[in-house]
file structure_18.pdb (PDB, C-alpha atoms)
ATOM      1  CA  MET A   1      28.798 -21.007 -32.344  1.00  0.00           C
ATOM      2  CA  SER A   2      30.618 -23.326 -34.531  1.00  0.00           C
ATOM      3  CA  SER A   3      34.279 -22.913 -33.793  1.00  0.00           C
ATOM      4  CA  HIS A   4      36.188 -23.624 -30.625  1.00  0.00           C
ATOM      5  CA  LYS A   5      37.492 -20.034 -30.587  1.00  0.00           C
ATOM      6  CA  ASP A   6      33.919 -18.619 -30.522  1.00  0.00           C
ATOM      7  CA  LEU A   7      33.073 -20.871 -27.594  1.00  0.00           C
ATOM      8  CA  LYS A   8      36.069 -19.547 -25.648  1.00  0.00           C
ATOM      9  CA  LEU A   9      35.075 -15.946 -26.437  1.00  0.00           C
ATOM     10  CA  PHE A  10      31.497 -16.590 -25.374  1.00  0.00           C
ATOM     11  CA  GLU A  11      32.638 -18.350 -22.199  1.00  0.00           C
ATOM     12  CA  SER A  12      34.928 -15.473 -21.276  1.00  0.00           C
ATOM     13  CA  LEU A  13      32.120 -12.929 -21.870  1.00  0.00           C
ATOM     14  CA  TYR A  14      29.818 -15.029 -19.696  1.00  0.00           C
ATOM     15  CA  LYS A  15      32.305 -15.378 -16.849  1.00  0.00           C
ATOM     16  CA  GLU A  16      33.293 -11.723 -16.962  1.00  0.00           C
ATOM     17  CA  HIS A  17      29.810 -10.178 -17.172  1.00  0.00           C
ATOM     18  CA  PHE A  18      27.266 -12.602 -15.677  1.00  0.00           C
ATOM     19  CA  ALA A  19      27.566 -11.324 -12.095  1.00  0.00           C
ATOM     20  CA  TYR A  20      27.417  -7.692 -13.210  1.00  0.00           C
ATOM     21  CA  LEU A  21      24.389  -8.280 -15.448  1.00  0.00           C
ATOM     22  CA  SER A  22      22.639 -10.175 -12.657  1.00  0.00           C
ATOM     23  CA  LEU A  23      23.198  -7.177 -10.410  1.00  0.00           C
ATOM     24  CA  VAL A  24      21.831  -4.808 -13.068  1.00  0.00           C
ATOM     25  CA  SER A  25      18.712  -6.945 -13.307  1.00  0.00           C
ATOM     26  CA  PHE A  26      18.412  -7.270  -9.526  1.00  0.00           C
ATOM     27  CA  ASN A  27      18.407  -3.479  -9.148  1.00  0.00           C
ATOM     28  CA  ILE A  28      15.263  -3.449 -11.278  1.00  0.00           C
ATOM     29  CA  THR A  29      13.454  -6.659 -10.305  1.00  0.00           C
ATOM     30  CA  LYS A  30      14.486  -6.831  -6.620  1.00  0.00           C
ATOM     31  CA  ASP A  31      14.483 -10.631  -6.919  1.00  0.00           C
ATOM     32  CA  LYS A  32      17.812 -12.489  -6.930  1.00  0.00           C
ATOM     33  CA  ASP A  33      16.560 -15.605  -8.725  1.00  0.00           C
ATOM     34  CA  VAL A  34      14.694 -13.649 -11.376  1.00  0.00           C
ATOM     35  CA  ALA A  35      17.748 -11.455 -11.930  1.00  0.00           C
ATOM     36  CA  LYS A  36      19.960 -14.500 -12.513  1.00  0.00           C
ATOM     37  CA  ASP A  37      17.366 -15.974 -14.881  1.00  0.00           C
ATOM     38  CA  ILE A  38      17.206 -12.755 -16.878  1.00  0.00           C
ATOM     39  CA  ALA A  39      21.003 -12.575 -17.187  1.00  0.00           C
ATOM     40  CA  GLN A  40      21.009 -16.233 -18.214  1.00  0.00           C
ATOM     41  CA  ASP A  41      18.273 -15.586 -20.804  1.00  0.00           C
ATOM     42  CA  PHE A  42      20.356 -12.776 -22.265  1.00  0.00           C
ATOM     43  CA  PHE A  43      23.340 -15.072 -22.741  1.00  0.00           C
ATOM     44  CA  ILE A  44      21.122 -17.767 -24.276  1.00  0.00           C
ATOM     45  CA  TYR A  45      19.768 -15.195 -26.695  1.00  0.00           C
ATOM     46  CA  LEU A  46      23.315 -14.072 -27.453  1.00  0.00           C
ATOM     47  CA  TRP A  47      24.409 -17.654 -28.097  1.00  0.00           C
ATOM     48  CA  GLU A  48      21.488 -18.352 -30.428  1.00  0.00           C
ATOM     49  CA  LYS A  49      21.725 -15.063 -32.352  1.00  0.00           C
ATOM     50  CA  GLU A  50      25.504 -14.742 -32.395  1.00  0.00           C
ATOM     51  CA  GLU A  51      25.815 -14.068 -36.115  1.00  0.00           C
ATOM     52  CA  GLU A  52      23.051 -11.416 -36.056  1.00  0.00           C
ATOM     53  CA  VAL A  53      24.374  -9.509 -33.040  1.00  0.00           C
ATOM     54  CA  ASN A  54      26.848  -6.783 -33.891  1.00  0.00           C
ATOM     55  CA  PHE A  55      28.517  -4.863 -31.085  1.00  0.00           C
ATOM     56  CA  SER A  56      28.923  -1.421 -32.611  1.00  0.00           C
ATOM     57  CA  VAL A  57      29.416  -0.214 -29.027  1.00  0.00           C
ATOM     58  CA  SER A  58      31.095  -2.077 -26.239  1.00  0.00           C
ATOM     59  CA  PHE A  59      29.732  -5.459 -25.196  1.00  0.00           C
ATOM     60  CA  LYS A  60      29.165  -4.244 -21.650  1.00  0.00           C
ATOM     61  CA  ALA A  61      27.016  -1.304 -22.781  1.00  0.00           C
ATOM     62  CA  TYR A  62      25.035  -3.523 -25.159  1.00  0.00           C
ATOM     63  CA  ALA A  63      24.529  -6.228 -22.537  1.00  0.00           C
ATOM     64  CA  THR A  64      23.565  -3.732 -19.818  1.00  0.00           C
ATOM     65  CA  ARG A  65      20.917  -2.130 -22.031  1.00  0.00           C
ATOM     66  CA  ALA A  66      19.560  -5.537 -23.094  1.00  0.00           C
ATOM     67  CA  VAL A  67      19.340  -6.830 -19.511  1.00  0.00           C
ATOM     68  CA  LYS A  68      17.660  -3.625 -18.328  1.00  0.00           C
ATOM     69  CA  ASN A  69      15.074  -3.988 -21.088  1.00  0.00           C
ATOM     70  CA  LEU A  70      14.501  -7.671 -20.281  1.00  0.00           C
ATOM     71  CA  SER A  71      14.094  -6.813 -16.588  1.00  0.00           C
ATOM     72  CA  LEU A  72      11.588  -4.067 -17.315  1.00  0.00           C
ATOM     73  CA  GLN A  73       9.679  -6.393 -19.654  1.00  0.00           C
ATOM     74  CA  HIS A  74       9.585  -8.990 -16.872  1.00  0.00           C
ATOM     75  CA  LEU A  75       8.150  -6.458 -14.413  1.00  0.00           C
ATOM     76  CA  GLU A  76       5.574  -5.271 -16.928  1.00  0.00           C
ATOM     77  CA  LYS A  77       4.539  -8.842 -17.683  1.00  0.00           C
ATOM     78  CA  ARG A  78       4.266  -9.664 -13.973  1.00  0.00           C
ATOM     79  CA  LYS A  79       2.226  -6.491 -13.366  1.00  0.00           C
ATOM     80  CA  THR A  80      -0.142  -7.376 -16.225  1.00  0.00           C
ATOM     81  CA  ILE A  81      -0.632 -10.897 -14.906  1.00  0.00           C
ATOM     82  CA  SER A  82      -1.242  -9.543 -11.425  1.00  0.00           C
ATOM     83  CA  LEU A  83      -3.798  -7.037 -12.696  1.00  0.00           C
ATOM     84  CA  ASP A  84      -5.565  -9.696 -14.772  1.00  0.00           C
ATOM     85  CA  THR A  85      -5.985 -12.009 -11.780  1.00  0.00           C
ATOM     86  CA  LYS A  86      -7.232  -9.128  -9.637  1.00  0.00           C
ATOM     87  CA  LYS A  87      -9.769  -8.184 -12.276  1.00  0.00           C
ATOM     88  CA  ILE A  88     -11.124 -11.706 -12.245  1.00  0.00           C
ATOM     89  CA  THR A  89     -11.342 -12.275  -8.496  1.00  0.00           C
ATOM     90  CA  LEU A  90     -11.583  -8.954  -6.714  1.00  0.00           C
ATOM     91  CA  PRO A  91     -14.535  -6.949  -8.014  1.00  0.00           C
ATOM     92  CA  LYS A  92     -17.320  -9.105  -6.544  1.00  0.00           C
ATOM     93  CA  GLU A  93     -15.503  -9.516  -3.253  1.00  0.00           C
ATOM     94  CA  LYS A  94     -14.672  -5.811  -3.079  1.00  0.00           C
ATOM     95  CA  GLU A  95     -18.233  -4.805  -3.919  1.00  0.00           C
ATOM     96  CA  GLU A  96     -19.649  -7.077  -1.239  1.00  0.00           C
ATOM     97  CA  GLU A  97     -17.110  -5.881   1.321  1.00  0.00           C
ATOM     98  CA  GLN A  98     -17.826  -2.234   0.439  1.00  0.00           C
ATOM     99  CA  VAL A  99     -21.602  -2.716   0.769  1.00  0.00           C
ATOM    100  CA  ILE A 100     -21.179  -4.498   4.110  1.00  0.00           C
ATOM    101  CA  PHE A 101     -18.788  -1.788   5.319  1.00  0.00           C
ATOM    102  CA  GLU A 102     -21.107   1.026   4.223  1.00  0.00           C
ATOM    103  CA  LYS A 103     -24.116  -0.606   5.896  1.00  0.00           C
ATOM    104  CA  SER A 104     -22.201  -1.150   9.118  1.00  0.00           C
ATOM    105  CA  GLU A 105     -20.921   2.444   9.014  1.00  0.00           C
ATOM    106  CA  GLU A 106     -24.457   3.778   8.483  1.00  0.00           C
ATOM    107  CA  ASN A 107     -25.704   1.565  11.294  1.00  0.00           C
ATOM    108  CA  LYS A 108     -22.924   2.773  13.601  1.00  0.00           C
ATOM    109  CA  LYS A 109     -23.559   6.420  12.746  1.00  0.00           C
ATOM    110  CA  SER A 110     -27.294   6.161  13.360  1.00  0.00           C
ATOM    111  CA  LYS A 111     -26.692   4.291  16.629  1.00  0.00           C
ATOM    112  CA  ILE A 112     -24.109   6.859  17.693  1.00  0.00           C
ATOM    113  CA  GLN A 113     -26.357   9.756  16.753  1.00  0.00           C
ATOM    114  CA  THR A 114     -29.184   8.217  18.765  1.00  0.00           C
ATOM    115  CA  LEU A 115     -26.910   7.865  21.794  1.00  0.00           C
ATOM    116  CA  VAL A 116     -25.548  11.404  21.481  1.00  0.00           C
ATOM    117  CA  ASP A 117     -29.088  12.764  21.211  1.00  0.00           C
ATOM    118  CA  LYS A 118     -29.883  11.171  24.598  1.00  0.00           C
ATOM    119  CA  ILE A 119     -27.208  13.239  26.353  1.00  0.00           C
ATOM    120  CA  PRO A 120     -28.695  16.246  28.200  1.00  0.00           C
ATOM    121  CA  GLN A 121     -28.581  19.330  25.979  1.00  0.00           C
ATOM    122  CA  ALA A 122     -25.979  21.491  27.773  1.00  0.00           C
ATOM    123  CA  ARG A 123     -23.657  18.489  28.193  1.00  0.00           C
ATOM    124  CA  ARG A 124     -24.272  17.450  24.565  1.00  0.00           C
ATOM    125  CA  GLU A 125     -23.264  20.925  23.328  1.00  0.00           C
ATOM    126  CA  ILE A 126     -19.981  20.708  25.229  1.00  0.00           C
ATOM    127  CA  PHE A 127     -19.420  17.141  24.055  1.00  0.00           C
ATOM    128  CA  VAL A 128     -20.094  17.987  20.383  1.00  0.00           C
ATOM    129  CA  SER A 129     -17.922  21.103  20.620  1.00  0.00           C
ATOM    130  CA  HIS A 130     -14.995  18.987  21.718  1.00  0.00           C
ATOM    131  CA  VAL A 131     -15.494  15.709  19.820  1.00  0.00           C
ATOM    132  CA  VAL A 132     -17.027  16.909  16.554  1.00  0.00           C
ATOM    133  CA  GLU A 133     -15.763  20.458  16.212  1.00  0.00           C
ATOM    134  CA  GLY A 134     -12.385  19.762  17.801  1.00  0.00           C
ATOM    135  CA  HIS A 135     -12.337  22.638  20.256  1.00  0.00           C
ATOM    136  CA  SER A 136     -10.028  22.417  23.254  1.00  0.00           C
ATOM    137  CA  TYR A 137     -11.383  22.438  26.787  1.00  0.00           C
ATOM    138  CA  ALA A 138     -10.101  26.011  27.225  1.00  0.00           C
ATOM    139  CA  GLU A 139     -11.875  27.180  24.057  1.00  0.00           C
ATOM    140  CA  ILE A 140     -15.121  25.529  25.153  1.00  0.00           C
ATOM    141  CA  ALA A 141     -14.838  27.114  28.612  1.00  0.00           C
ATOM    142  CA  GLU A 142     -14.449  30.518  26.995  1.00  0.00           C
ATOM    143  CA  MET A 143     -17.313  29.947  24.518  1.00  0.00           C
ATOM    144  CA  TYR A 144     -19.796  28.942  27.220  1.00  0.00           C
ATOM    145  CA  ASN A 145     -18.352  31.211  29.916  1.00  0.00           C
ATOM    146  CA  ILE A 146     -17.646  28.299  32.268  1.00  0.00           C
ATOM    147  CA  SER A 147     -14.500  26.985  33.928  1.00  0.00           C
ATOM    148  CA  VAL A 148     -12.187  24.425  32.322  1.00  0.00           C
ATOM    149  CA  ASN A 149     -12.933  22.075  35.241  1.00  0.00           C
ATOM    150  CA  THR A 150     -16.647  22.268  34.432  1.00  0.00           C
ATOM    151  CA  VAL A 151     -15.865  21.295  30.819  1.00  0.00           C
ATOM    152  CA  LYS A 152     -13.792  18.341  32.066  1.00  0.00           C
ATOM    153  CA  THR A 153     -16.573  17.264  34.398  1.00  0.00           C
ATOM    154  CA  GLN A 154     -19.220  17.527  31.675  1.00  0.00           C
ATOM    155  CA  MET A 155     -17.051  15.534  29.261  1.00  0.00           C
ATOM    156  CA  LYS A 156     -16.531  12.806  31.868  1.00  0.00           C
ATOM    157  CA  ARG A 157     -20.261  12.682  32.506  1.00  0.00           C
ATOM    158  CA  ALA A 158     -21.042  12.557  28.771  1.00  0.00           C
ATOM    159  CA  TYR A 159     -18.708   9.600  28.297  1.00  0.00           C
ATOM    160  CA  ALA A 160     -20.128   7.889  31.396  1.00  0.00           C
ATOM    161  CA  PHE A 161     -23.655   8.450  30.057  1.00  0.00           C
ATOM    162  CA  LEU A 162     -22.712   6.882  26.710  1.00  0.00           C
ATOM    163  CA  ARG A 163     -21.064   3.926  28.439  1.00  0.00           C
ATOM    164  CA  GLU A 164     -24.194   3.395  30.500  1.00  0.00           C
ATOM    165  CA  PHE A 165     -26.207   2.759  27.308  1.00  0.00           C
ATOM    166  CA  GLU A 166     -23.426   0.954  25.498  1.00  0.00           C
ATOM    167  CA  LYS A 167     -21.290  -1.203  27.738  1.00  0.00           C
ATOM    168  CA  SER A 168     -18.680  -1.479  24.972  1.00  0.00           C
ATOM    169  CA  SER A 169     -15.974   1.168  25.259  1.00  0.00           C
ATOM    170  CA  THR A 170     -15.054   0.455  21.633  1.00  0.00           C
ATOM    171  CA  LEU A 171     -18.224   2.224  20.575  1.00  0.00           C
ATOM    172  CA  ILE A 172     -16.988   5.340  22.330  1.00  0.00           C
ATOM    173  CA  THR A 173     -13.707   5.084  20.455  1.00  0.00           C
ATOM    174  CA  VAL A 174     -15.556   4.579  17.158  1.00  0.00           C
ATOM    175  CA  LEU A 175     -17.759   7.528  18.043  1.00  0.00           C
ATOM    176  CA  TYR A 176     -14.764   9.703  18.643  1.00  0.00           C
ATOM    177  CA  LEU A 177     -13.109   8.679  15.361  1.00  0.00           C
ATOM    178  CA  LEU A 178     -16.267   8.947  13.255  1.00  0.00           C
ATOM    179  CA  LEU A 179     -17.352  12.300  14.572  1.00  0.00           C
ATOM    180  CA  ARG A 180     -13.861  13.804  14.156  1.00  0.00           C
ATOM    181  CA  LYS A 181     -14.026  13.259  10.354  1.00  0.00           C
TER     182      LYS A 181
END

call {"tool": "encode", "arguments": {"input": "structure_18.pdb", "output": "structure tokens"}}
result
Amino acid sequence: MSSHKDLKLFESLYKEHFAYLSLVSFNITKDKDVAKDIAQDFFIYLWEKEEEVNFSVSFKAYATRAVKNLSLQHLEKRKTISLDTKKITLPKEKEEEQVIFEKSEENKKSKIQTLVDKIPQARREIFVSHVVEGHSYAEIAEMYNISVNTVKTQMKRAYAFLREFEKSSTLITVLYLLLRK
């Protein structure tokens, strides 16, 4: 901008629209500092390209569209950088974690199955009906032609039996969650 008049025009555009354009950018980026930087970058671009820029529409519409595009480009660039760093660092870690998780899950399932198999048969059938198949105590009582209190008693005894072999009550919780799947 060569003349003093152009500087005044540019300054008035900056003062009038900077806050609005920062808000437009913030609505997209959700980062106050980045939004201000993007609005600032737009005005720098405008200052450098002043002769090339022609406002066939209003300045506000042109500036809003430009800032939206710059904000979206910023997000896309940040997403690409984020994905690139994840591609470099995560696969080996994820693979190792997945293998360890799968092995521990298999180990837990086989240990749980072994424990469940040790429960006396009639009690095991009631236990599996409730824990694995998801039947209510009333449904189990009806299926086996026994009272609801008998089902409750057998369930208590099944859990007590499992606790006897595994002192950790977390295993019982894991058992419940795994068998419900």

call {"tool": "resolve_selection", "arguments": {"input": "structure_18.pdb", "expression": "the PyMOL selection byres ((chain A and resi 158) around 12)", "output": "ChimeraX atom specification"}}
result
/A:115-128,130-131,151-157,159-165,172

call {"tool": "resolve_selection", "arguments": {"input": "structure_18.pdb", "expression": "the PyMOL selection byres ((chain A and resi 26-36) around 12)", "output": "VMD selection string"}}
result
chain A and resid 17 to 25 37 to 43 64 67 to 79

call {"tool": "write_last_selection", "arguments": {"input": "structure_18.pdb", "atoms": "C-alpha atoms", "output": "tab-separated table (two decimals), in the frame of the given file"}}
result
chain	number	residue	atom	x	y	z
A	17	HIS	CA	29.81	-10.18	-17.17
A	18	PHE	CA	27.27	-12.60	-15.68
A	19	ALA	CA	27.57	-11.32	-12.10
A	20	TYR	CA	27.42	-7.69	-13.21
A	21	LEU	CA	24.39	-8.28	-15.45
A	22	SER	CA	22.64	-10.18	-12.66
A	23	LEU	CA	23.20	-7.18	-10.41
A	24	VAL	CA	21.83	-4.81	-13.07
A	25	SER	CA	18.71	-6.94	-13.31
A	37	ASP	CA	17.37	-15.97	-14.88
A	38	ILE	CA	17.21	-12.76	-16.88
A	39	ALA	CA	21.00	-12.58	-17.19
A	40	GLN	CA	21.01	-16.23	-18.21
A	41	ASP	CA	18.27	-15.59	-20.80
A	42	PHE	CA	20.36	-12.78	-22.26
A	43	PHE	CA	23.34	-15.07	-22.74
A	64	THR	CA	23.56	-3.73	-19.82
A	67	VAL	CA	19.34	-6.83	-19.51
A	68	LYS	CA	17.66	-3.62	-18.33
A	69	ASN	CA	15.07	-3.99	-21.09
A	70	LEU	CA	14.50	-7.67	-20.28
A	71	SER	CA	14.09	-6.81	-16.59
A	72	LEU	CA	11.59	-4.07	-17.32
A	73	GLN	CA	9.68	-6.39	-19.65
A	74	HIS	CA	9.59	-8.99	-16.87
A	75	LEU	CA	8.15	-6.46	-14.41
A	76	GLU	CA	5.57	-5.27	-16.93
A	77	LYS	CA	4.54	-8.84	-17.68
A	78	ARG	CA	4.27	-9.66	-13.97
A	79	LYS	CA	2.23	-6.49	-13.37

call {"tool": "atom_distance", "arguments": {"input": "structure_18.pdb", "atom1": "atom CA of Ala63 of chain A", "atom2": "atom CA of Thr80 of chain A"}}
result
25.5 Å

call {"tool": "atom_distance", "arguments": {"input": "structure_18.pdb", "atom1": "atom CA of Asn149 of chain A", "atom2": "atom CA of Ser129 of chain A"}}
result
15.5 Å

call {"tool": "closest_residue", "arguments": {"input": "structure_18.pdb", "among": "A:Phe10, A:Gln113, A:Val148, A:Ile140", "to": "Glu48 of chain A", "atoms": "only C-alpha atoms"}}
result
A:Phe10

call {"tool": "atom_distance", "arguments": {"input": "structure_18.pdb", "atom1": "atom CA of Leu13 of chain A", "atom2": "atom CA of Ala61 of chain A"}}
result
12.7 Å
